[in-house]
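Novice: So that you have it, the file is run_18.cif, and it contains mmCIF, C-alpha atoms and all ligand atoms:
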```
data_run
loop_
_atom_site.label_atom_id
_atom_site.label_comp_id
_atom_site.auth_asym_id
_atom_site.auth_seq_id
_atom_site.Cartn_x
_atom_site.Cartn_y
_atom_site.Cartn_z
CA MET V 1 97.20 146.20 92.94
CA LYS V 2 99.11 143.20 91.62
CA TYR V 3 98.80 139.48 92.34
CA LEU V 4 101.05 136.50 91.83
CA ILE V 5 99.52 133.04 91.76
CA GLU V 6 101.26 129.67 92.02
CA THR V 7 99.34 126.46 91.36
CA TYR V 8 100.23 122.92 92.36
CA GLY V 9 98.59 119.57 91.68
CA CYS V 10 95.69 118.47 89.55
CA GLN V 11 93.83 119.96 86.59
CA LEU V 12 90.96 120.99 88.85
CA ASN V 13 93.37 123.18 90.82
CA MET V 14 94.61 124.69 87.55
CA ALA V 15 91.03 125.35 86.45
CA GLU V 16 90.20 126.93 89.81
CA SER V 17 93.30 129.14 89.58
CA SER V 18 92.15 130.34 86.13
CA ALA V 19 88.74 131.16 87.63
CA ILE V 20 90.38 133.07 90.53
CA GLU V 21 92.50 135.00 88.02
CA LEU V 22 89.44 135.83 85.94
CA MET V 23 87.72 137.22 89.06
CA LEU V 24 90.81 139.21 90.16
CA LYS V 25 91.28 140.72 86.70
CA GLY V 26 87.55 141.59 86.72
CA GLN V 27 88.28 143.69 89.82
CA GLY V 28 91.12 145.51 88.02
CA ILE V 29 93.88 143.61 89.84
CA GLU V 30 96.86 142.92 87.58
CA LYS V 31 98.97 139.79 87.28
CA THR V 32 102.70 139.77 87.95
CA GLU V 33 105.27 136.98 87.80
CA GLU V 34 107.58 138.70 90.35
CA ALA V 35 106.93 138.37 94.07
CA GLU V 36 108.77 141.68 94.67
CA ASP V 37 106.16 143.48 92.53
CA ALA V 38 103.16 141.74 94.05
CA ASP V 39 100.79 143.01 96.74
CA VAL V 40 99.38 139.57 97.23
CA VAL V 41 100.65 136.05 96.62
CA ILE V 42 98.14 133.21 96.26
CA ILE V 43 99.38 129.63 96.58
CA ASN V 44 96.85 127.09 95.34
CA THR V 45 98.10 123.93 96.99
CA CYS V 46 97.99 120.15 96.55
CA SER V 47 98.07 117.46 99.22
CA VAL V 48 98.08 114.35 97.06
CA ARG V 49 101.77 113.70 97.66
CA LYS V 50 104.02 114.57 100.56
CA THR V 51 106.61 115.91 98.08
CA ALA V 52 104.12 118.53 96.82
CA GLU V 53 103.46 119.70 100.38
CA ASN V 54 107.21 119.86 101.15
CA ARG V 55 107.77 121.99 98.08
CA ILE V 56 104.98 124.35 99.17
CA TRP V 57 106.49 124.70 102.67
CA GLY V 58 109.71 125.73 100.90
CA ARG V 59 107.87 128.30 98.77
CA LEU V 60 106.19 129.72 101.86
CA GLY V 61 109.64 130.31 103.41
CA TYR V 62 110.71 132.09 100.22
CA PHE V 63 107.62 134.35 100.12
CA ASN V 64 108.12 135.16 103.81
CA SER V 65 111.64 136.37 103.01
CA ILE V 66 110.21 138.68 100.30
CA LYS V 67 107.52 139.86 102.72
CA ARG V 68 110.22 140.81 105.26
CA LYS V 69 112.18 142.68 102.56
CA LYS V 70 108.99 144.59 101.75
CA ASN V 71 108.41 145.44 105.43
CA GLY V 72 105.33 143.23 105.58
CA LYS V 73 103.69 144.74 102.49
CA LEU V 74 102.82 141.40 100.90
CA ASP V 75 99.71 139.41 101.72
CA ILE V 76 100.19 135.65 101.52
CA ILE V 77 97.11 133.51 100.91
CA VAL V 78 97.20 129.72 101.03
CA THR V 79 94.26 127.95 99.42
CA GLY V 80 93.50 124.47 98.03
CA CYS V 81 93.81 120.99 99.50
CA MET V 82 96.73 121.72 101.86
CA ALA V 83 94.74 124.62 103.28
CA GLU V 84 91.92 122.12 103.98
CA ARG V 85 94.14 119.39 105.40
CA LEU V 86 96.53 121.43 107.53
CA LYS V 87 94.48 124.50 108.40
CA ASP V 88 95.61 124.80 112.05
CA GLU V 89 99.14 123.55 111.45
CA LEU V 90 99.60 126.11 108.69
CA LYS V 91 98.48 128.92 110.94
CA LYS V 92 100.83 127.71 113.71
CA GLU V 93 103.91 126.87 111.61
CA ALA V 94 103.59 129.80 109.21
CA PRO V 95 102.14 132.73 111.19
CA PHE V 96 103.24 135.10 108.41
CA VAL V 97 100.50 133.60 106.18
CA ASP V 98 97.67 136.13 106.16
CA ALA V 99 94.81 133.84 105.16
CA VAL V 100 94.20 130.11 104.88
CA ILE V 101 91.22 129.73 102.54
CA GLY V 102 89.66 126.28 102.04
CA THR V 103 88.34 124.87 98.75
CA ASN V 104 84.74 125.86 99.57
CA GLU V 105 85.75 129.51 99.89
CA LYS V 106 88.00 129.92 96.85
CA GLU V 107 85.45 132.27 95.26
CA GLU V 108 85.97 134.61 98.24
CA ILE V 109 89.63 135.26 97.37
CA PRO V 110 88.99 138.52 95.43
CA SER V 111 86.97 139.82 98.36
CA TYR V 112 89.81 138.94 100.76
CA VAL V 113 92.36 140.64 98.47
CA LEU V 114 90.30 143.83 98.35
CA SER V 115 88.90 144.07 101.86
CA HIS V 116 90.44 141.28 103.99
CA GLU V 117 86.95 139.84 104.48
CA ILE V 118 85.55 136.46 103.54
CA CYS V 119 82.20 134.72 104.03
CA LYS V 120 82.46 131.16 105.34
CA LYS V 121 80.79 128.54 103.09
CA ASP V 122 79.51 125.13 104.18
CA SER V 123 79.57 123.57 100.76
CA TYR V 124 81.47 123.68 97.50
CA SER V 125 80.12 125.89 94.77
CA PHE V 126 81.22 126.13 91.16
CA LEU V 127 82.50 129.37 89.71
CA SER V 128 80.89 130.85 86.63
CA SER V 129 83.90 130.39 84.35
CA TYR V 130 87.31 128.71 84.43
CA TYR V 131 88.57 130.24 81.18
CA GLU V 132 92.19 131.33 80.96
CA GLU V 133 92.30 134.58 78.99
CA GLY V 134 93.66 134.07 75.46
CA SER V 135 93.68 130.27 75.61
CA PHE V 136 92.24 128.00 72.88
CA SER V 137 91.78 125.18 75.37
CA SER V 138 89.80 125.25 78.58
CA TYR V 139 88.94 123.09 81.56
CA VAL V 140 85.26 122.84 82.47
CA PRO V 141 84.83 121.45 86.01
CA ILE V 142 81.55 119.55 86.23
CA MET V 143 81.89 117.84 89.58
CA ASN V 144 84.00 118.10 92.70
CA GLY V 145 84.87 115.66 95.46
CA CYS V 146 84.85 111.91 95.58
CA ASN V 147 82.82 109.22 97.35
CA ASN V 148 85.12 106.33 96.46
CA PHE V 149 87.71 106.39 99.24
CA CYS V 150 90.46 104.49 97.45
CA SER V 151 92.57 103.40 100.38
CA TYR V 152 95.69 105.33 99.28
CA CYS V 153 94.03 108.62 98.33
CA ILE V 154 93.65 111.80 100.39
CA VAL V 155 91.24 113.48 97.94
CA PRO V 156 87.90 112.49 99.58
CA TYR V 157 89.18 113.89 102.90
CA VAL V 158 90.27 117.24 101.49
CA ARG V 159 87.75 117.78 98.67
CA GLY V 160 84.77 116.21 100.45
CA ARG V 161 81.86 114.29 98.95
CA GLU V 162 80.77 114.48 95.31
CA VAL V 163 78.94 117.62 94.23
CA SER V 164 77.83 118.06 90.59
CA ARG V 165 77.60 121.39 88.77
CA ASN V 166 74.20 122.19 87.40
CA VAL V 167 73.60 121.56 83.71
CA GLU V 168 72.52 125.14 82.91
CA SER V 169 75.77 126.52 84.34
CA ILE V 170 77.79 124.04 82.22
CA ILE V 171 75.85 125.08 79.09
CA ASP V 172 76.41 128.77 79.93
CA GLU V 173 80.12 128.17 80.29
CA ILE V 174 80.26 126.32 76.95
CA ARG V 175 78.44 129.21 75.26
CA PHE V 176 80.97 131.60 76.80
CA LEU V 177 83.91 129.45 75.63
CA GLU V 178 82.40 129.32 72.13
CA SER V 179 82.25 133.13 72.14
CA LYS V 180 85.99 133.12 72.88
CA GLY V 181 86.73 130.76 69.97
CA VAL V 182 87.93 127.93 72.21
CA LYS V 183 88.76 124.73 70.30
CA GLU V 184 89.17 122.17 73.06
CA ILE V 185 87.46 121.53 76.39
CA THR V 186 88.19 119.01 79.12
CA LEU V 187 85.29 118.21 81.43
CA LEU V 188 86.80 117.72 84.85
CA GLY V 189 85.97 115.92 88.05
CA GLN V 190 87.75 113.60 90.48
CA ASN V 191 85.28 110.95 89.39
CA VAL V 192 83.88 112.64 86.31
CA ASN V 193 81.62 109.82 85.13
CA SER V 194 79.70 109.70 88.40
CA TYR V 195 78.23 113.12 87.47
CA LYS V 196 74.62 113.50 88.61
CA GLY V 197 72.58 116.51 87.60
CA GLU V 198 69.07 117.44 86.61
CA TYR V 199 67.76 119.08 83.46
CA LYS V 200 64.17 119.95 82.58
CA GLY V 201 62.95 117.77 85.42
CA GLN V 202 64.98 114.70 84.33
CA GLU V 203 67.98 113.13 86.07
CA VAL V 204 71.17 113.56 84.08
CA ASP V 205 74.12 111.18 84.26
CA PHE V 206 77.48 111.74 82.58
CA PRO V 207 76.73 110.32 79.10
CA THR V 208 73.40 112.18 79.07
CA LEU V 209 75.26 115.38 79.95
CA LEU V 210 77.53 114.81 76.93
CA GLU V 211 74.44 114.40 74.74
CA ILE V 212 72.89 117.60 76.15
CA ILE V 213 75.96 119.79 75.61
CA TYR V 214 76.86 118.38 72.18
CA PRO V 215 74.50 120.60 70.13
CA TYR V 216 76.11 123.70 71.71
CA LEU V 217 79.53 122.85 70.24
CA ASP V 218 80.65 124.86 67.25
CA SER V 219 84.25 126.06 67.36
CA ILE V 220 84.99 123.43 70.04
CA GLU V 221 86.24 120.38 68.14
CA PHE V 222 87.94 118.33 70.85
CA VAL V 223 85.93 117.26 73.92
CA ARG V 224 87.84 115.34 76.58
CA PHE V 225 87.02 114.27 80.11
CA GLU V 226 89.09 113.36 83.17
CA SER V 227 89.23 111.29 85.30
CA PRO V 228 86.68 108.56 84.81
CA HIS V 229 86.45 105.63 87.22
CA PRO V 230 86.31 102.23 85.48
CA LYS V 231 83.45 101.06 87.72
CA ASP V 232 81.24 103.92 86.44
CA PHE V 233 82.13 103.52 82.74
CA SER V 234 78.69 102.56 81.42
CA ASN V 235 77.63 101.06 78.10
CA HIS V 236 75.73 104.29 77.46
CA LEU V 237 78.96 106.28 77.85
CA ILE V 238 80.78 103.96 75.42
CA ARG V 239 77.95 104.39 72.90
CA VAL V 240 78.00 108.20 73.19
CA ILE V 241 81.78 108.32 72.64
CA SER V 242 81.47 106.04 69.62
CA GLU V 243 78.66 108.14 68.09
CA LYS V 244 79.90 111.69 68.71
CA GLU V 245 82.83 112.60 66.53
CA ARG V 246 84.00 115.54 68.65
CA ILE V 247 84.42 113.43 71.78
CA CYS V 248 88.05 112.42 71.52
CA SER V 249 88.67 108.71 71.19
CA HIS V 250 91.66 108.95 73.50
CA ILE V 251 90.45 107.83 76.91
CA HIS V 252 92.29 108.25 80.17
CA LEU V 253 91.25 105.23 82.22
CA PRO V 254 93.05 104.77 85.56
CA MET V 255 94.13 101.16 86.06
CA GLN V 256 96.22 101.53 89.25
CA SER V 257 97.04 97.80 89.42
CA GLY V 258 96.66 94.65 87.34
CA SER V 259 96.09 92.39 90.34
CA SER V 260 92.55 91.78 91.64
CA ARG V 261 93.82 91.31 95.21
CA ILE V 262 95.72 94.61 95.15
CA LEU V 263 92.76 96.38 93.50
CA SER V 264 90.59 95.13 96.34
CA LEU V 265 93.10 96.37 98.96
CA MET V 266 93.08 99.69 97.13
CA ASN V 267 89.27 99.69 97.36
CA ARG V 268 89.02 100.26 93.61
CA LYS V 269 85.77 98.29 93.32
CA THR V 270 86.87 96.58 90.08
CA THR V 271 88.79 93.40 89.35
CA ARG V 272 91.40 92.61 86.71
CA GLU V 273 88.78 90.60 84.79
CA GLN V 274 86.22 93.44 84.86
CA PHE V 275 88.84 95.95 83.73
CA ILE V 276 89.88 93.73 80.79
CA ALA V 277 86.21 93.19 79.85
CA LEU V 278 85.71 96.97 79.84
CA LEU V 279 88.77 97.47 77.58
CA ASP V 280 87.43 94.82 75.18
CA LYS V 281 83.99 96.43 75.05
CA MET V 282 85.45 99.88 74.43
CA ARG V 283 87.78 98.56 71.70
CA GLY V 284 84.86 96.75 70.10
CA GLU V 285 82.71 99.88 69.85
CA ILE V 286 84.95 102.97 69.67
CA LYS V 287 86.82 103.45 66.39
CA ASP V 288 90.52 104.34 66.44
CA LEU V 289 90.67 104.20 70.23
CA THR V 290 93.81 104.99 72.23
CA PHE V 291 94.31 104.89 75.98
CA SER V 292 96.28 106.54 78.73
CA THR V 293 96.30 105.44 82.33
CA ASP V 294 97.50 105.95 85.91
CA VAL V 295 99.35 103.01 87.37
CA MET V 296 101.04 102.44 90.71
CA VAL V 297 103.54 99.79 91.82
CA GLY V 298 104.75 98.79 95.29
CA PHE V 299 101.39 98.99 97.08
CA PRO V 300 101.65 97.36 100.57
CA THR V 301 102.00 93.55 100.31
CA GLU V 302 102.27 93.60 96.48
CA SER V 303 104.10 90.37 95.60
CA LEU V 304 106.37 89.99 92.59
CA GLU V 305 103.65 87.94 90.91
CA GLU V 306 101.08 90.68 91.50
CA TYR V 307 103.51 93.27 90.18
CA GLU V 308 103.88 91.13 87.05
CA ASP V 309 100.08 91.12 86.75
CA THR V 310 100.36 94.90 86.46
CA LEU V 311 103.04 94.58 83.78
CA SER V 312 100.87 92.14 81.80
CA MET V 313 97.78 94.32 82.19
CA MET V 314 99.75 97.28 80.82
CA GLU V 315 100.52 95.16 77.75
CA ILE V 316 96.84 94.24 77.38
CA MET V 317 95.77 97.87 77.72
CA GLY V 318 98.41 99.13 75.28
CA CYS V 319 98.53 102.77 76.33
CA THR V 320 100.21 105.50 74.30
CA GLU V 321 100.74 107.47 77.54
CA ALA V 322 100.90 106.43 81.18
CA PHE V 323 101.36 108.27 84.47
CA MET V 324 103.45 105.83 86.45
CA TYR V 325 104.47 106.13 90.06
CA TYR V 326 105.33 104.07 93.08
CA TYR V 327 103.17 103.91 96.15
CA ASN V 328 103.89 106.59 98.73
CA PRO V 329 102.02 106.32 102.02
CA ARG V 330 99.79 109.33 102.60
CA GLU V 331 99.23 110.20 106.23
CA GLY V 332 95.51 110.02 107.07
CA THR V 333 94.66 107.29 104.53
CA PRO V 334 93.95 103.61 105.43
CA SER V 335 96.78 102.17 103.32
CA ALA V 336 99.40 104.23 105.19
CA LYS V 337 98.69 102.04 108.23
CA MET V 338 98.75 98.72 106.35
CA ASP V 339 101.31 96.06 107.16
CA GLY V 340 103.62 94.93 104.40
CA GLN V 341 104.95 98.32 103.29
CA ILE V 342 107.58 97.72 100.60
CA GLU V 343 111.16 99.00 100.74
CA GLU V 344 111.72 102.18 98.76
CA SER V 345 114.61 100.63 96.76
CA GLU V 346 112.33 97.76 95.66
CA LYS V 347 109.52 100.18 94.72
CA ILE V 348 112.00 102.18 92.61
CA ARG V 349 113.21 98.99 90.91
CA ARG V 350 109.64 97.98 90.03
CA LEU V 351 108.83 101.46 88.75
CA GLU V 352 111.93 101.66 86.55
CA CYS V 353 111.08 98.38 84.89
CA LEU V 354 107.44 99.48 84.39
CA ILE V 355 108.59 102.77 82.82
CA ASN V 356 111.12 101.11 80.50
CA GLU V 357 108.54 98.62 79.24
CA GLN V 358 105.94 101.37 78.74
CA LEU V 359 108.34 103.61 76.77
CA GLU V 360 109.11 100.77 74.37
CA ARG V 361 105.43 99.82 74.13
CA ALA V 362 104.29 103.39 73.40
CA LYS V 363 106.90 103.67 70.62
CA ARG V 364 105.79 100.34 69.13
CA ILE V 365 102.08 101.32 69.21
CA LYS V 366 102.74 104.74 67.76
CA GLU V 367 104.92 103.38 64.93
CA ALA V 368 102.31 100.76 64.06
CA ARG V 369 99.72 103.51 63.44
CA LEU V 370 101.82 105.15 60.70
CA PRO V 371 101.05 106.53 58.18
CA PHE V 372 97.78 108.28 59.03
CA VAL V 373 95.90 111.54 58.58
CA THR V 374 94.88 113.48 61.64
CA LYS V 375 93.53 116.87 62.73
CA VAL V 376 96.16 118.86 64.64
CA LEU V 377 95.52 121.72 67.05
CA VAL V 378 98.42 124.15 66.56
CA ARG V 379 100.35 125.24 69.67
CA GLY V 380 103.22 127.16 68.06
CA THR V 381 106.44 126.48 66.17
CA THR V 382 108.99 123.82 67.01
CA ARG V 383 111.92 125.01 69.10
CA ASP V 384 114.72 124.08 66.70
CA ASP V 385 113.01 124.74 63.35
CA LYS V 386 110.69 127.75 63.13
CA SER V 387 109.41 126.65 59.71
CA ARG V 388 107.67 123.66 61.36
CA LEU V 389 104.54 123.92 63.49
CA LEU V 390 103.93 121.98 66.68
CA GLY V 391 100.59 120.76 67.98
CA TYR V 392 98.65 117.73 69.10
CA ASN V 393 95.74 115.66 67.86
CA GLU V 394 92.68 114.06 69.51
CA HIS V 395 94.89 111.20 70.73
CA ASN V 396 97.16 113.65 72.53
CA ASP V 397 99.99 112.72 70.14
CA MET V 398 102.59 115.45 69.83
CA VAL V 399 102.93 116.40 66.14
CA SER V 400 105.49 118.51 64.27
CA PHE V 401 104.60 119.35 60.66
CA LEU V 402 105.43 121.45 57.64
CA PRO V 403 102.53 123.84 56.98
CA LYS V 404 101.29 124.72 53.49
CA ARG V 405 100.07 128.15 54.58
CA GLU V 406 100.22 130.49 57.60
CA HIS V 407 98.55 129.32 60.79
CA ALA V 408 98.02 130.83 64.20
CA LYS V 409 97.96 129.16 67.61
CA GLY V 410 94.64 127.35 68.04
CA ASP V 411 94.12 126.62 64.31
CA MET V 412 93.00 123.11 63.35
CA VAL V 413 95.04 121.68 60.47
CA ARG V 414 94.83 118.36 58.61
CA VAL V 415 98.20 116.65 58.62
CA ARG V 416 99.52 113.42 57.09
CA LEU V 417 101.88 111.78 59.56
CA THR V 418 104.67 109.69 58.09
CA GLU V 419 107.33 109.17 60.77
CA LEU V 420 107.96 109.11 64.50
CA ASN V 421 110.90 111.00 65.97
CA GLY V 422 111.27 110.14 69.66
CA ASN V 423 107.81 110.76 71.04
CA THR V 424 106.77 113.21 68.30
CA TYR V 425 105.08 112.38 65.01
CA ARG V 426 106.30 114.25 61.94
CA GLY V 427 104.36 115.02 58.80
CA GLU V 428 103.02 117.72 56.50
CA GLU V 429 99.81 119.62 56.05
CA ILE V 430 97.40 118.29 53.45
CA ASP V 431 94.49 120.01 51.74
CA VAL V 432 91.09 119.27 53.23
S1 LIG C 501 88.46 107.74 92.67
FE1 LIG C 501 89.95 107.06 94.20
S2 LIG C 501 91.92 107.90 93.43
FE2 LIG C 501 90.27 109.04 92.40
S3 LIG C 501 89.94 110.86 93.70
FE3 LIG C 501 88.46 109.28 94.37
S4 LIG C 501 89.51 108.25 96.06
FE4 LIG C 501 91.09 109.38 94.94
#
```
If you convert what's in this file into structure tokens, what do you get?
Specialist:
Amino acid sequence: MKYLIETYGCQLNMAESSAIELMLKGQGIEKTEEAEDADVVIINTCSVRKTAENRIWGRLGYFNSIKRKKNGKLDIIVTGCMAERLKDELKKEAPFVDAVIGTNEKEEIPSYVLSHEICKKDSYSFLSSYYEEGSFSSYVPIMNGCNNFCSYCIVPYVRGREVSRNVESIIDEIRFLESKGVKEITLLGQNVNSYKGEYKGQEVDFPTLLEIIYPYLDSIEFVRFESPHPKDFSNHLIRVISEKERICSHIHLPMQSGSSRILSLMNRKTTREQFIALLDKMRGEIKDLTFSTDVMVGFPTESLEEYEDTLSMMEIMGCTEAFMYYYNPREGTPSAKMDGQIEESEKIRRLECLINEQLERAKRIKEARLPFVTKVLVRGTTRDDKSRLLGYNEHNDMVSFLPKREHAKGDMVRVRLTELNGNTYRGEEIDV
């Protein structure tokens, strides 16, 4: 048998797709990239934006046309957040879909593929591994769901309340990843720093989890985590990051807005002042710190002054990367019903200005760091010059460099960076 899998949305979906693939391959089912060759197509969906759902409806139409060509000999499985949100509508609008499998039942997919049977589950459970065969980098989901209910976000409705993975299972996965020679892990959760587990009879929060897993790291040199919530970013967590060299000092910290009134309407449970105080504390304690963020403009009732508060907060934060978008109402969330929705053309204008400022800022920050020496995780060769290697460092900076010796994908190399070309640093390997 052969499967084809398509994944949309967040890193957790990508991690869960890797886990599904691992289970399918364990059952002797092979991967294919061609729908015509497949016996089963699995679409792991996202509901965060309407555009993602529209794209998936389009893909479903395409897979139905292949299924007709193959006289029905193609099972189509829809899983993930859209399967949770639109279960009945999916079954009605797309009767050619063979199974709609919610996030709690993702582990049942191999059983459905083999025998068309699944067991219903009342709660989310973590899979034993999320490793993608052959990869030097792996996601490690540690919690699922969210209790925060930001007023614009559909995640708590489709992923449910927070559930944390048990510490032993996380340690087992890290041991497994070490046995595969993995160099980089990203601990994942919708609200990763609200992790709550138990170990040897003691409660374990997120920074304590980092302390527990740290001694198990050997080949793994980069430890990242996403996405933390600023309200749960404790002093203990800051201390652990500052003390543990392998925890990357590039922190993704979602800002969303620079205006306290808009943050309150978003139900973010932080203010502009608290966010700035957190940045100051982190900068004061963590050496060589860089940031990335998520930021949104055009939230209902956002005035020009409040939008400018976001622009000024972006300058204060000084990110090297930012995921910038304009507010899009999501059906089923409180903010979709708010008065004061802003015209699309105005939201686009605000976003363009935000993006232009951020691109210039990122360039300025990156140039100011030159020259410096950094450890680079090799990803391959550059496209236009095969004598140069391409990779990235703990700050997620893209790096192209001249090697002194042969290296394979996944090698860690010390590089002196001397110039910036577009968004990519350039340099050469140095001896350790
Ligand atoms: S913290 Fe807010 S934005 Fe993040 S998943 Fe939870 S509700 Fe959504």
Novice: List all protein, DNA and RNA residues that have any atom at most 10 Å from ligand LIG 501 (chain C), counting all atoms listed in the file, and write the list as an NGL selection string.
Specialist: :V and (48 or 144-157 or 159-162 or 189-192 or 194 or 227-231 or 254 or 256 or 266-269 or 294 or 333)
Novice: Tell me, as a PyMOL selection string, which residues lie within 9 Å of V:Ile220, counting all atoms listed in the file; anything in the same chain fewer than 3 positions away does not count.
Specialist: chain V and resi 137+174+177-178+181-185+217+223+246
Novice: Go through V:Phe323, V:Tyr199, V:Phe225, V:Phe372 one by one, measure the shortest atom-to-atom distance of each to V:Met255 using all atoms listed in the file, and give the residue with the smallest value.
Specialist: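 Nearest candidate to V:Met255 out of V:Phe323, V:Tyr199, V:Phe225, V:Phe372: V:Phe323.
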Novice: Write out as a compact mmCIF listing (two decimals) with C-alpha atoms, keeping the file's coordinate frame which residues come within 10 Å of V:Thr310 when counting only C-alpha atoms, dropping same-chain ones fewer than 6 positions away.
Specialist:
```
# COMPACT_ATOMS: atom_id res chain seq x y z
CA MET V 255 94.13 101.16 86.06
CA GLN V 256 96.22 101.53 89.25
CA SER V 257 97.04 97.80 89.42
CA GLY V 258 96.66 94.65 87.34
CA SER V 259 96.09 92.39 90.34
CA SER V 260 92.55 91.78 91.64
CA ILE V 262 95.72 94.61 95.15
CA ARG V 272 91.40 92.61 86.71
CA VAL V 295 99.35 103.01 87.37
CA MET V 296 101.04 102.44 90.71
CA VAL V 297 103.54 99.79 91.82
CA LEU V 304 106.37 89.99 92.59
CA ILE V 316 96.84 94.24 77.38
CA LEU V 354 107.44 99.48 84.39
```
Novice: I'd like the interatomic distance between atom CA of V:Leu60 and atom CA of V:Gly9, to a tenth of an Å.
Specialist: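 These atoms are spaced 16.3 Å apart.
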Novice: Enter the distance from atom CA of V:Tyr214 to atom CA of V:Ile171, in Å, rounded to one decimal.
Specialist: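 If I compute the distance from atom CA of V:Tyr214 to atom CA of V:Ile171, I get 9.7 Å.
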Novice: Do a neighbour search on V:Phe291 at 10 Å with all atoms listed in the file, toss out local chain neighbours closer than 5 positions, and write the hits as a list in words.
Specialist: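 The residues satisfying every condition are Ser249, His250, Ile251, His252, Leu253, Pro254, Leu279, Met317, Gly318, Cys319, Thr320, Glu321, Ala322, His395 and Asn396 of chain V.
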Novice: Between V:Glu132, V:Glu346, V:Glu273, V:Asp232, single out the one closest to V:Ala15, counting only C-alpha atoms.
Specialist: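 Using only C-alpha atoms, the shortest distance to V:Ala15 belongs to V:Glu132.
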Novice: Can you pull out the residues contacting V:Gly298? Cut-off 7 Å, using only C-alpha atoms, and skip same-chain residues under 4 positions away; I want them as a PyMOL selection string.
Specialist: chain V and resi 302+326-327+342+347
Novice: Just the selected residues (C-alpha atoms), exported as an mmCIF file, keeping the file's coordinate frame, please.
Specialist:
```
data_model
loop_
_atom_site.group_PDB
_atom_site.id
_atom_site.type_symbol
_atom_site.label_atom_id
_atom_site.label_comp_id
_atom_site.auth_asym_id
_atom_site.auth_seq_id
_atom_site.Cartn_x
_atom_site.Cartn_y
_atom_site.Cartn_z
ATOM 1 C CA GLU V 302 102.270 93.600 96.480
ATOM 2 C CA TYR V 326 105.330 104.070 93.080
ATOM 3 C CA TYR V 327 103.170 103.910 96.150
ATOM 4 C CA ILE V 342 107.580 97.720 100.600
ATOM 5 C CA LYS V 347 109.520 100.180 94.720
#
```
Novice: So how far away is atom CA of V:Glu105 from atom CA of V:Glu16, in Å?
Specialist: 11.3 Å
Novice: Taking only C-alpha atoms into account, which of V:Tyr112, V:Tyr8, V:Tyr131, V:Tyr392 comes nearest V:Arg55?
Specialist: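 So, comparing all the options, the nearest one is V:Tyr8.
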Novice: Return as AutoDock Vina command-line options the centre and edge lengths, in Å with one decimal, of the box along x, y and z that encloses every atom of stretch 87-93 of chain V in the file, padded by 3 Å per side.
Specialist:
```
--center_x 99.2 --center_y 126.2 --center_z 111.1 --size_x 15.4 --size_y 11.4 --size_z 11.3
```
Novice: Name all residues at most 10 Å from V:Ile355 (count all atoms listed in the file; drop same-chain ones fewer than 2 positions away) and give them as an MDAnalysis selection string.
Specialist: chainID V and resid 311 322:325 350:353 357:361
Novice: Identify the residues around (65.8, 122.4, 81.6) within a radius of 12 Å, measuring from only C-alpha atoms in the coordinates stated by the file, and give them as an NGL selection string.
Specialist: :V and (166-169 or 171 or 197-204 or 209 or 212)
Novice: Which of these residues is nearest to V:Glu394, using only C-alpha atoms: V:Ile276, V:Val100, V:Ile247, V:Val415?
Specialist: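 Looking at the shortest contact to V:Glu394, the residue is V:Ile247.
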